[in-house]
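A.B. asks: What follows is a structure written as structure tokens; I'll ask about it next.
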Amino acid sequence: MSESPCITYMALYILTFHILQTNSRTSTFWKLNVEDGKIIEVNQFPSVVTSVLPNDNIDDPIFNIITSTVHYGKTWTKRSGENYCTDCQSINSTSHRSDPYEAEANKTAQRSESDIDDEVLDCGKTVNFTYYDNLVGIANRMNHPNVPEPQVALIFKKRNAELDIEGLERRLKKAKREKPKSVQLYNQIGNFFRIKGDTTKSIECFRRALAVSPHNAEVLLNLARVMFNLQYLDDAIYLTRRSLEVQPPDKSAWQQYFTLGEIFKAYGHYQEATLHLRHCLELRPEFEPALATLRDMEALPDNNIHIYTVLIIIFLVLGVLITVVSSCDSNLDSDFTEVKAHRHFNRAMAMRSLKMGISPRALRSKRYNGGCG
């Protein structure tokens, strides 16, 4: 009977030893290291497990997934092992294990790039109505010729770098995927079509932007520039003035004043054009296009006032001549009427004298006068 407790104690000791040697999921515990923002391993039995199970956690896939997850901001984000491993050997092993995921991500990125290249850049379906559809240039948007505007490329250029049209188109397609209903994106796509010379598509993009934000000063100004290049000057000046009205007070309106100066110059109103251009230069000094336009107008002969004066003088002279000619015609008609009436009176007297004949008194006086002679 004394051997039974010894056997029992030996069995419990062996069982406990096997339990400690077992590498189950419950044998590893993890906690968040607040200082590093990482999840680290904590052994339940540090005095025993560390000696029995050295570095067993490296081969634990669950632990590898958790340790590659970091606290970023207010969320947990999955990161690759290279960013958080300091041992080169562990980097290689971790990157080797994550190769299938990276390969799949690369394939997805390649498919995404190919899909972007196959997409057609546009602003979606045509909107049915905007507050500016009553303008003649917008109402006839389907009949406009293609007018390229290469100067619009300055919007997308970085300093003196050359503009890559294909790269710009690819970036706009990618942005459209991320924010398909952005007013700013519609505006940028409209400017892109201005560079390409597709006038109809650019107007449609600006219309779509104005359907969402009808008081967007930048979109109104870009649409006004399109109308100005198409020589719809009334539409251009209306849109530019509307853009100037809704321009935020914290932003400079030099572009609106420059556009108004160009429009009034096209009208031939050089004084108003000069006024707007000088206002533009006050807001943005040394703006070369405004300076060049002012120099062109100053080089023109200062005879615009004389032209109007000459036209007024010509119309006055013509009016005087017409008045004089009409008065002469009326005088001639009156003289002719008097002469005609006088001739009618003499004929009547002659006919009367013929009917009455010569009176005896007249014959006697005639004989008497003859005898006296």
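Numbering starts fresh at 1 for the residues of each chain in the structure tokens, the chains themselves are lettered A, B, ... in the order given, and ligands are numbered from 1 as they appear.
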Using only C-alpha atoms, which protein or nucleic acid residues come within 6 Å of range 179-189 of chain A? Drop anything in the same chain fewer than 3 positions from it, and give the result as a PyMOL selection string.
C.D. replies: chain A and resi 175-176+192+205+209
A.B. asks: Write out as a PyMOL selection string all residues of range 96-249 of chain A that backbone DSSP assigns to alpha helix (DSSP H).
C.D. replies: chain A and resi 96-118+136-139+165-178+183-196+199-212+217-229+233-246
A.B. asks: If you measure from CA of Thr259 in chain A to CA of Phe228 in chain A, what distance in Å do you get, rounded to one decimal?
C.D. replies: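 Atom-to-atom, CA of Thr259 in chain A to CA of Phe228 in chain A, that is 8.7 Å.
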